[in-house]
$ cat protein.cif   # mmCIF, C-alpha atoms
data_work
#
loop_
_atom_site.label_atom_id
_atom_site.label_comp_id
_atom_site.auth_asym_id
_atom_site.auth_seq_id
_atom_site.Cartn_x
_atom_site.Cartn_y
_atom_site.Cartn_z
CA MET A 1 -8.82 61.71 39.21
CA PRO A 2 -8.13 64.59 41.59
CA THR A 3 -6.34 67.69 40.33
CA TRP A 4 -3.08 66.92 42.12
CA GLN A 5 -2.92 63.50 40.49
CA ARG A 6 -3.81 64.88 37.05
CA ALA A 7 -1.01 67.39 37.52
CA ALA A 8 1.43 64.50 37.91
CA ALA A 9 0.85 63.20 34.37
CA SER A 10 4.56 63.64 33.66
CA HIS A 11 5.25 61.00 36.36
CA GLY A 12 3.09 58.50 34.50
CA THR A 13 -0.28 58.88 36.24
CA VAL A 14 -1.86 59.08 32.78
CA ASN A 15 -0.79 55.91 30.99
CA SER A 16 -2.09 53.05 28.86
CA TYR A 17 -4.02 51.67 31.86
CA THR A 18 -5.72 54.97 32.73
CA SER A 19 -9.48 54.67 32.40
CA SER A 20 -12.73 56.51 32.94
CA SER A 21 -14.80 53.31 33.10
CA PRO A 22 -14.65 52.02 36.71
CA CYS A 23 -15.89 55.30 38.21
CA HIS A 24 -18.08 56.31 35.22
CA ALA A 25 -16.09 59.51 34.76
CA SER A 26 -17.30 62.03 32.21
CA SER A 27 -15.71 62.18 28.78
CA GLY A 28 -12.15 63.50 28.82
CA THR A 29 -11.58 62.76 32.53
CA TYR A 30 -10.17 59.76 34.38
CA CYS A 31 -10.73 57.79 37.54
CA ARG A 32 -8.73 58.24 40.74
CA GLU A 33 -5.70 55.96 40.57
CA VAL A 34 -4.29 53.99 43.49
CA PRO A 35 -2.01 53.47 45.23
CA ASP A 36 -0.28 56.79 45.85
CA VAL A 37 2.73 55.16 47.52
CA SER A 38 3.87 51.77 48.74
CA ALA A 39 6.11 50.15 51.34
CA LEU A 40 7.83 46.82 51.82
CA ALA A 41 5.28 44.27 53.00
CA GLY A 42 6.39 40.78 51.93
CA GLN A 43 8.83 38.25 53.35
CA PHE A 44 8.13 39.27 57.00
CA PRO A 45 10.53 42.24 57.11
CA TYR A 46 9.23 43.78 60.37
CA LEU A 47 10.27 42.79 63.87
CA ASP A 48 7.97 43.13 66.87
CA TYR A 49 8.14 42.30 70.56
CA VAL A 50 4.96 40.74 71.88
CA GLY A 51 4.33 38.66 75.02
CA GLY A 52 7.94 38.60 76.05
CA GLY A 53 9.37 37.51 72.73
CA TRP A 54 10.44 38.77 69.31
CA GLY A 55 8.61 37.91 66.13
CA SER A 56 8.58 38.90 62.45
CA TRP A 57 5.60 40.10 60.52
CA GLY A 58 4.72 41.32 57.03
CA GLY A 59 1.79 42.48 54.96
CA THR A 60 -0.04 45.71 54.34
CA SER A 61 -1.07 45.86 57.98
CA LEU A 62 2.58 46.73 58.65
CA ALA A 63 3.24 48.85 55.56
CA ALA A 64 0.41 51.31 56.32
CA PRO A 65 1.58 52.03 59.92
CA LEU A 66 5.09 52.53 58.55
CA TRP A 67 3.81 55.45 56.48
CA ALA A 68 1.72 56.77 59.38
CA SER A 69 4.73 56.76 61.69
CA LEU A 70 6.94 58.38 59.05
CA ILE A 71 4.47 61.27 58.66
CA ALA A 72 4.07 61.62 62.44
CA LEU A 73 7.82 61.72 63.01
CA SER A 74 8.23 64.19 60.18
CA ASN A 75 5.61 66.50 61.70
CA ALA A 76 7.41 66.35 65.04
CA SER A 77 10.87 66.88 63.58
CA PRO A 78 12.87 70.14 63.85
CA THR A 79 12.80 70.28 60.05
CA CYS A 80 9.06 70.93 60.01
CA ALA A 81 9.54 73.54 62.76
CA GLY A 82 5.94 73.34 63.91
CA LYS A 83 4.39 73.19 60.45
CA ASP A 84 1.97 70.38 59.73
CA ILE A 85 2.22 68.33 56.58
CA GLY A 86 -1.55 67.98 56.75
CA PHE A 87 -3.26 66.40 53.75
CA ALA A 88 -0.19 64.67 52.32
CA ASN A 89 -1.45 63.41 48.96
CA PRO A 90 -0.80 66.56 46.88
CA ILE A 91 2.54 67.12 48.63
CA LEU A 92 3.70 63.59 47.83
CA TYR A 93 3.26 64.23 44.12
CA GLU A 94 4.96 67.63 44.40
CA VAL A 95 7.93 66.03 46.14
CA ALA A 96 8.11 63.30 43.48
CA ALA A 97 8.49 66.02 40.84
CA ALA A 98 10.96 68.20 42.78
CA GLU A 99 13.07 65.47 44.42
CA PRO A 100 12.54 62.07 42.80
CA ALA A 101 15.22 60.47 45.00
CA ALA A 102 12.87 60.86 47.99
CA PHE A 103 11.13 57.75 46.69
CA ASN A 104 12.53 54.37 45.78
CA ASP A 105 11.03 53.81 42.35
CA VAL A 106 9.87 50.19 41.98
CA THR A 107 10.21 49.13 38.34
CA VAL A 108 10.05 45.32 38.50
CA GLY A 109 7.06 43.08 39.09
CA ASN A 110 3.29 43.52 39.04
CA ASN A 111 0.27 43.09 41.28
CA ASP A 112 -1.37 40.30 39.28
CA LEU A 113 -1.16 37.78 42.12
CA THR A 114 -2.84 34.87 40.31
CA GLY A 115 -1.50 35.60 36.83
CA LYS A 116 -4.99 35.72 35.34
CA PHE A 117 -4.92 39.34 34.18
CA GLY A 118 -1.93 39.58 31.85
CA THR A 119 0.40 41.04 34.52
CA THR A 120 -1.92 44.00 35.06
CA TYR A 121 -0.73 46.20 36.65
CA PRO A 122 3.03 46.19 36.08
CA ALA A 123 5.57 48.22 38.00
CA THR A 124 7.14 50.81 35.70
CA ALA A 125 9.47 53.79 35.89
CA GLY A 126 7.64 56.65 37.59
CA TYR A 127 4.09 56.26 38.82
CA ASP A 128 2.32 52.94 38.33
CA MET A 129 -0.81 51.28 39.71
CA ALA A 130 1.22 48.55 41.38
CA THR A 131 3.47 50.65 43.63
CA GLY A 132 2.34 54.27 43.13
CA LEU A 133 5.21 56.75 43.39
CA GLY A 134 7.33 54.10 45.13
CA THR A 135 8.51 53.37 48.66
CA PRO A 136 9.80 56.10 51.00
CA ASN A 137 13.46 57.06 51.23
CA ALA A 138 13.29 58.08 54.88
CA ALA A 139 16.62 59.89 54.68
CA LEU A 140 15.24 62.43 52.18
CA LEU A 141 11.45 62.34 52.26
CA PRO A 142 10.74 64.00 55.66
CA SER A 143 12.67 67.17 54.86
CA ALA A 144 11.02 67.36 51.43
CA LEU A 145 7.57 66.93 52.99
CA CYS A 146 8.32 69.61 55.59
CA ALA A 147 9.50 71.98 52.86
CA SER A 148 6.06 71.72 51.26
CA ALA A 149 4.14 72.03 54.55
CA GLN A 150 2.06 75.20 54.79
CA ALA A 151 3.58 78.04 56.83
CA ASN A 152 2.25 81.25 55.34
CA PRO A 153 -0.47 80.01 53.02
CA VAL A 154 -0.30 81.11 49.41
CA VAL A 155 -3.73 81.43 47.81
CA VAL A 156 -3.85 81.12 44.03
CA THR A 157 -6.98 82.66 42.54
CA ASP A 158 -8.99 80.34 40.34
CA PRO A 159 -9.23 82.14 36.97
CA GLY A 160 -12.40 80.26 36.10
CA LYS A 161 -13.17 78.27 32.98
CA GLN A 162 -11.14 79.44 30.00
CA SER A 163 -12.14 79.20 26.35
CA THR A 164 -9.68 79.89 23.54
CA ARG A 165 -9.65 79.43 19.82
CA TYR A 166 -7.16 76.98 18.42
CA ALA A 167 -3.93 78.65 17.14
CA SER A 168 -4.97 82.03 18.58
CA ALA A 169 -2.68 83.96 20.95
CA VAL A 170 -3.61 83.78 24.65
CA HIS A 171 -2.64 85.88 27.67
CA LEU A 172 -3.76 84.95 31.17
CA GLN A 173 -2.32 86.51 34.33
CA MET A 174 -2.45 84.29 37.42
CA HIS A 175 -3.11 86.16 40.67
CA VAL A 176 -1.83 85.25 44.15
CA THR A 177 -2.42 86.51 47.69
CA GLU A 178 -0.28 85.64 50.71
CA ALA A 179 -1.09 85.64 54.40
CA ALA A 180 2.41 87.02 54.99
CA GLY A 181 5.03 88.36 52.66
CA GLY A 182 7.06 85.40 51.54
CA GLY A 183 9.28 87.09 49.00
CA LYS A 184 9.76 86.02 45.41
CA LEU A 185 7.08 83.78 43.92
CA THR A 186 7.79 80.89 41.59
CA TYR A 187 5.04 79.65 39.29
CA ARG A 188 4.69 76.19 37.80
CA ALA A 189 2.00 74.71 35.63
CA VAL A 190 1.23 71.31 34.17
CA GLY A 191 -1.62 70.27 31.94
CA LEU A 192 -1.66 73.48 29.89
CA PRO A 193 -2.73 73.21 26.24
CA PRO A 194 0.26 72.33 24.03
CA GLY A 195 1.90 75.51 22.77
CA VAL A 196 1.02 77.43 25.95
CA THR A 197 3.47 78.02 28.83
CA ILE A 198 3.64 79.90 32.12
CA ASN A 199 6.31 82.44 33.03
CA SER A 200 7.84 81.12 36.25
CA SER A 201 8.53 84.65 37.54
CA THR A 202 5.45 86.63 36.49
CA GLY A 203 2.69 84.00 36.39
CA VAL A 204 1.64 85.05 32.89
CA ILE A 205 0.32 82.19 30.77
CA SER A 206 0.86 82.85 27.08
CA GLY A 207 1.35 81.23 23.70
CA SER A 208 -0.87 79.83 20.97
CA PRO A 209 -2.55 76.43 21.41
CA THR A 210 -1.31 73.83 18.95
CA SER A 211 -3.95 71.26 19.85
CA TRP A 212 -7.66 71.39 20.55
CA GLY A 213 -9.85 69.81 23.19
CA THR A 214 -10.50 70.29 26.92
CA PHE A 215 -7.49 70.57 29.22
CA GLN A 216 -7.17 70.69 33.02
CA PRO A 217 -4.22 72.95 33.93
CA PHE A 218 -2.83 72.73 37.46
CA VAL A 219 -0.95 75.86 38.59
CA SER A 220 1.18 75.83 41.73
CA VAL A 221 2.97 78.80 43.31
CA ARG A 222 5.73 78.71 45.90
CA ASP A 223 7.30 81.63 47.75
CA ALA A 224 10.79 82.05 49.16
CA ASP A 225 9.58 80.67 52.53
CA THR A 226 8.53 77.45 50.77
CA ALA A 227 4.84 78.16 51.40
CA SER A 228 2.79 77.09 48.43
CA GLY A 229 -0.67 77.10 46.96
CA SER A 230 -2.33 75.80 43.85
CA THR A 231 -5.45 75.78 41.75
CA SER A 232 -6.79 73.94 38.74
CA PHE A 233 -9.32 74.94 36.13
CA SER A 234 -10.79 73.87 32.82
CA TRP A 235 -9.47 75.25 29.54
CA SER A 236 -11.27 74.54 26.27
CA VAL A 237 -9.43 75.08 23.01
CA LEU A 238 -12.04 75.40 20.30
CA LEU A 239 -11.92 74.84 16.61
CA ALA A 240 -13.88 77.51 14.82
CA ILE A 241 -14.81 79.19 11.57
CA THR A 242 -13.70 82.73 12.23
CA SER A 243 -14.99 84.67 9.22
CA ALA A 244 -17.98 87.03 9.29
CA SER A 245 -21.46 85.55 9.40
CA SER A 246 -22.77 87.56 6.43
CA SER A 247 -21.68 89.48 3.36
CA THR A 248 -23.40 91.46 0.61
CA ALA A 249 -23.04 90.93 -3.12
CA THR A 250 -24.32 93.60 -5.52
CA ILE A 251 -25.60 92.90 -9.02
CA GLY A 252 -23.22 94.30 -11.59
CA ARG A 253 -20.15 93.80 -9.42
CA SER A 254 -17.65 91.04 -8.82
CA PHE A 255 -17.98 89.38 -5.41
CA SER A 256 -15.42 87.50 -3.30
CA PHE A 257 -15.64 86.38 0.30
CA THR A 258 -12.96 84.43 2.22
CA VAL A 259 -14.05 81.76 4.68
CA ARG A 260 -11.42 81.37 7.42
CA THR A 261 -10.93 78.65 10.06
CA THR A 262 -8.63 78.02 13.00
CA GLY A 263 -6.01 75.55 11.85
CA THR A 264 -6.22 73.49 8.66
CA PRO A 265 -9.27 71.24 8.46
CA ASN A 266 -9.47 67.98 6.53
CA SER A 267 -12.38 69.41 4.59
CA LEU A 268 -14.16 72.73 4.26
CA SER A 269 -17.54 72.67 2.54
CA VAL A 270 -20.77 74.57 2.08
CA SER A 271 -24.41 73.47 1.96
CA PRO A 272 -26.66 73.82 0.13
CA LYS A 273 -24.92 74.58 -3.13
CA PRO A 274 -24.57 78.39 -3.49
CA PRO A 275 -27.06 80.00 -5.92
CA TRP A 276 -25.97 80.74 -9.47
CA PRO A 277 -23.53 82.33 -10.36
CA PHE A 278 -21.65 81.88 -7.07
CA ARG A 279 -19.04 79.16 -6.62
CA PHE A 280 -17.24 77.81 -3.57
CA LYS A 281 -13.58 76.72 -3.64
CA ASN A 282 -11.65 75.14 -0.76
CA GLU A 283 -8.11 76.53 -0.88
CA GLY A 284 -6.79 73.66 1.26
CA ASN A 285 -5.02 75.91 3.78
CA GLY A 286 -7.82 76.59 6.21
CA THR A 287 -9.57 79.04 3.89
CA ALA A 288 -12.16 78.83 1.13
CA ILE A 289 -13.38 81.40 -1.40
CA LEU A 290 -17.04 82.13 -2.16
CA SER A 291 -17.07 84.23 -5.32
CA GLY A 292 -18.91 85.13 -8.48
CA ASN A 293 -19.62 87.81 -11.08
CA VAL A 294 -23.04 88.97 -9.95
CA VAL A 295 -25.06 89.57 -13.10
CA LYS A 296 -28.68 90.31 -13.92
CA GLY A 297 -30.81 87.29 -13.20
CA THR A 298 -29.10 86.57 -9.92
CA SER A 299 -31.74 86.01 -7.25
CA VAL A 300 -31.99 89.11 -5.08
CA GLY A 301 -32.45 88.62 -1.34
CA ASN A 302 -30.92 86.62 1.49
CA HIS A 303 -29.52 83.14 0.89
CA ARG A 304 -28.78 80.97 3.91
CA LEU A 305 -25.65 78.81 3.65
CA VAL A 306 -23.82 76.64 6.17
CA PHE A 307 -20.04 76.36 6.15
CA GLU A 308 -18.63 73.18 7.74
CA ALA A 309 -15.01 72.39 8.64
CA VAL A 310 -13.96 68.88 9.67
CA PHE A 311 -10.76 68.39 11.71
CA GLY A 312 -8.91 65.37 13.07
CA THR A 313 -8.73 61.79 11.84
CA LYS A 314 -11.40 59.45 10.56
CA THR A 315 -11.55 57.74 13.96
CA ALA A 316 -11.70 61.01 15.91
CA GLU A 317 -13.16 63.74 13.73
CA THR A 318 -14.47 67.05 15.02
CA ALA A 319 -16.82 69.12 12.86
CA VAL A 320 -17.67 72.79 13.36
CA SER A 321 -20.12 74.82 11.35
CA GLN A 322 -21.20 78.40 10.85
CA THR A 323 -24.43 79.75 9.45
CA PHE A 324 -23.73 82.34 6.78
CA THR A 325 -26.09 84.77 5.07
CA LEU A 326 -25.28 85.75 1.49
CA LYS A 327 -27.14 88.99 0.77
CA VAL A 328 -27.72 89.78 -2.88
CA ALA A 329 -28.65 93.41 -3.53
CA ALA A 330 -29.85 95.08 -6.71
CA GLY A 331 -27.35 97.41 -8.34
CA ALA A 332 -27.75 101.17 -8.75
#
$ encode --input "protein.cif" --output "structure tokens"
Amino acid sequence: MPTWQRAAASHGTVNSYTSSSPCHASSGTYCREVPDVSALAGQFPYLDYVGGGWGSWGGTSLAAPLWASLIALSNASPTCAGKDIGFANPILYEVAAAEPAAFNDVTVGNNDLTGKFGTTYPATAGYDMATGLGTPNAALLPSALCASAQANPVVVTDPGKQSTRYASAVHLQMHVTEAAGGGKLTYRAVGLPPGVTINSSTGVISGSPTSWGTFQPFVSVRDADTASGSTSFSWSVLLAITSASSSTATIGRSFSFTVRTTGTPNSLSVSPKPPWPFRFKNEGNGTAILSGNVVKGTSVGNHRLVFEAVFGTKTAETAVSQTFTLKVAAGA
């Protein structure tokens, strides 16, 4: 699934029929979905004049040229003022978000011609794999397409792969260059980790992720001249044990060490069992306490322990671990 289609998830491009199987996509990604758009094809709606007489035709062999002619006429229109729509696919999804009325949303029917596949795929509100974004409203769509055509290109710098700890504050400034000064910039973003937003005026992405996993944000920027640019990148929100990787206990003194995690795991455990007289207690709030009154007879030296936190549900658990060294030192 290309970035501009992933960015349209709010239109329904990610739905119960979305899959990674047909194209063998990697885990967490999806296949390219088709169609992008549709046009009336059935019941012979098109008239033609061939061999001295009029006839009526239908089918996709007429619907596709309808779209081609619409784009060509839009390019040549005064509205585009010499700008080329160019590669239309990303612009179509942008227009669907900014001006939904530019498409006639088809919500009835399906493309299961023979009825053997359980009405897969049905037409639904928004994007669907029967009619895409819908059919063109030729009274509105050309001007919307021209508004998104590139005049003074806006280049959005790819910030590179981001990695953030779950529930930790983030701050990412998006950077833009313009071929010509286009005035005030407006930033938009979709696909950000939940809990994270972009400032539409400054381009600062901030917040604290409330979910973990790998996300594919799509950031678009438009200037006052309607020139626009975009970029997408990968953002991993990681679960983690955030406490120190070692601590020292001294014979003759009381010892306490707090194990801390991002979020609240289902379980927080240690292996192997800590040496006598240390004990481990899960507090149930994302922390655990390793403690003990270190007395004579406690084994002096380094003891290797592993803390493990398990998050999620039984059907989709994620475990993270941290190697911890408990150092026991002789007293004065």
$ closest_residue --input "protein.cif" --among "A:Ser267, A:Gly126, A:Asp84, A:Ser243" --to "Thr313 (chain A)" --atoms "only C-alpha atoms"
A:Ser267
$ resolve_selection --input "protein.cif" --expression "the PyMOL selection byres ((chain A and resi 254) around 6)" --output "short mmCIF file (atom, residue, chain, number, x, y, z; two decimals) with C-alpha atoms, keeping the file's coordinate frame"
data_model
loop_
_atom_site.label_atom_id
_atom_site.label_comp_id
_atom_site.auth_asym_id
_atom_site.auth_seq_id
_atom_site.Cartn_x
_atom_site.Cartn_y
_atom_site.Cartn_z
CA ARG A 253 -20.15 93.80 -9.42
CA PHE A 255 -17.98 89.38 -5.41
CA ASN A 293 -19.62 87.81 -11.08
CA VAL A 294 -23.04 88.97 -9.95
#
$ atom_distance --input "protein.cif" --atom1 "CA of Asn89 (chain A)" --atom2 "CA of Leu133 (chain A)"
10.9 Å
$ residues_around --input "protein.cif" --residues "Thr124 (chain A)" --least-positions-apart "5" --cutoff "12 Å" --atoms "only C-alpha atoms" --output "PDB file with C-alpha atoms, in the frame of the given file"
ATOM      1  CA  HIS A  11       5.250  61.000  36.360  1.00  0.00           C
ATOM      2  CA  GLY A  12       3.090  58.500  34.500  1.00  0.00           C
ATOM      3  CA  THR A  13      -0.280  58.880  36.240  1.00  0.00           C
ATOM      4  CA  ASN A  15      -0.790  55.910  30.990  1.00  0.00           C
ATOM      5  CA  SER A  16      -2.090  53.050  28.860  1.00  0.00           C
ATOM      6  CA  TYR A  17      -4.020  51.670  31.860  1.00  0.00           C
ATOM      7  CA  ASN A 104      12.530  54.370  45.780  1.00  0.00           C
ATOM      8  CA  ASP A 105      11.030  53.810  42.350  1.00  0.00           C
ATOM      9  CA  VAL A 106       9.870  50.190  41.980  1.00  0.00           C
ATOM     10  CA  THR A 107      10.210  49.130  38.340  1.00  0.00           C
ATOM     11  CA  VAL A 108      10.050  45.320  38.500  1.00  0.00           C
ATOM     12  CA  GLY A 109       7.060  43.080  39.090  1.00  0.00           C
ATOM     13  CA  ASN A 110       3.290  43.520  39.040  1.00  0.00           C
ATOM     14  CA  ASN A 111       0.270  43.090  41.280  1.00  0.00           C
ATOM     15  CA  THR A 119       0.400  41.040  34.520  1.00  0.00           C
ATOM     16  CA  MET A 129      -0.810  51.280  39.710  1.00  0.00           C
ATOM     17  CA  ALA A 130       1.220  48.550  41.380  1.00  0.00           C
ATOM     18  CA  THR A 131       3.470  50.650  43.630  1.00  0.00           C
ATOM     19  CA  GLY A 132       2.340  54.270  43.130  1.00  0.00           C
ATOM     20  CA  LEU A 133       5.210  56.750  43.390  1.00  0.00           C
ATOM     21  CA  GLY A 134       7.330  54.100  45.130  1.00  0.00           C
TER      22      GLY A 134
END
$ resolve_selection --input "protein.cif" --expression "the PyMOL selection byres ((chain A and resi 30) around 8)" --output "list in words"
Met1, Thr18, Ser19, Ser20, Ala25, Ser26, Gly28, Thr29, Cys31 and Arg32 of chain A
$ closest_residue --input "protein.cif" --among "A:Leu290, A:Ser271, A:His24, A:Gly203" --to "Ser256 (chain A)" --atoms "only C-alpha atoms"
A:Leu290
$ atom_distance --input "protein.cif" --atom1 "CA of His171 (chain A)" --atom2 "CA of Ile241 (chain A)"
21.3 Å
$ closest_residue --input "protein.cif" --among "A:Ser148, A:Thr60, A:Thr298, A:Gln322" --to "Tyr93 (chain A)" --atoms "only C-alpha atoms"
A:Ser148
$ resolve_selection --input "protein.cif" --expression "the PyMOL selection byres ((chain A and resi 166) around 10)" --output "PyMOL selection string"
chain A and resi 163-165+167-170+193+208-213+236-240+261-263
$ closest_residue --input "protein.cif" --among "A:Lys116, A:Ala139, A:Thr325, A:Val300" --to "Ser245 (chain A)" --atoms "all atoms listed in the file"
A:Thr325
$ closest_residue --input "protein.cif" --among "A:Gly286, A:Pro78, A:Gly301, A:Gly59" --to "Ser269 (chain A)" --atoms "only C-alpha atoms"
A:Gly286
$ atom_distance --input "protein.cif" --atom1 "CA of Tyr49 (chain A)" --atom2 "CA of Ala63 (chain A)"
17.1 Å
$ residues_around --input "protein.cif" --residues "region 214-221 of chain A" --least-positions-apart "3" --cutoff "9 Å" --atoms "only C-alpha atoms" --output "PyMOL selection string"
chain A and resi 3-4+6-7+28+154-156+174+176+185-193+198+200+203+227-238
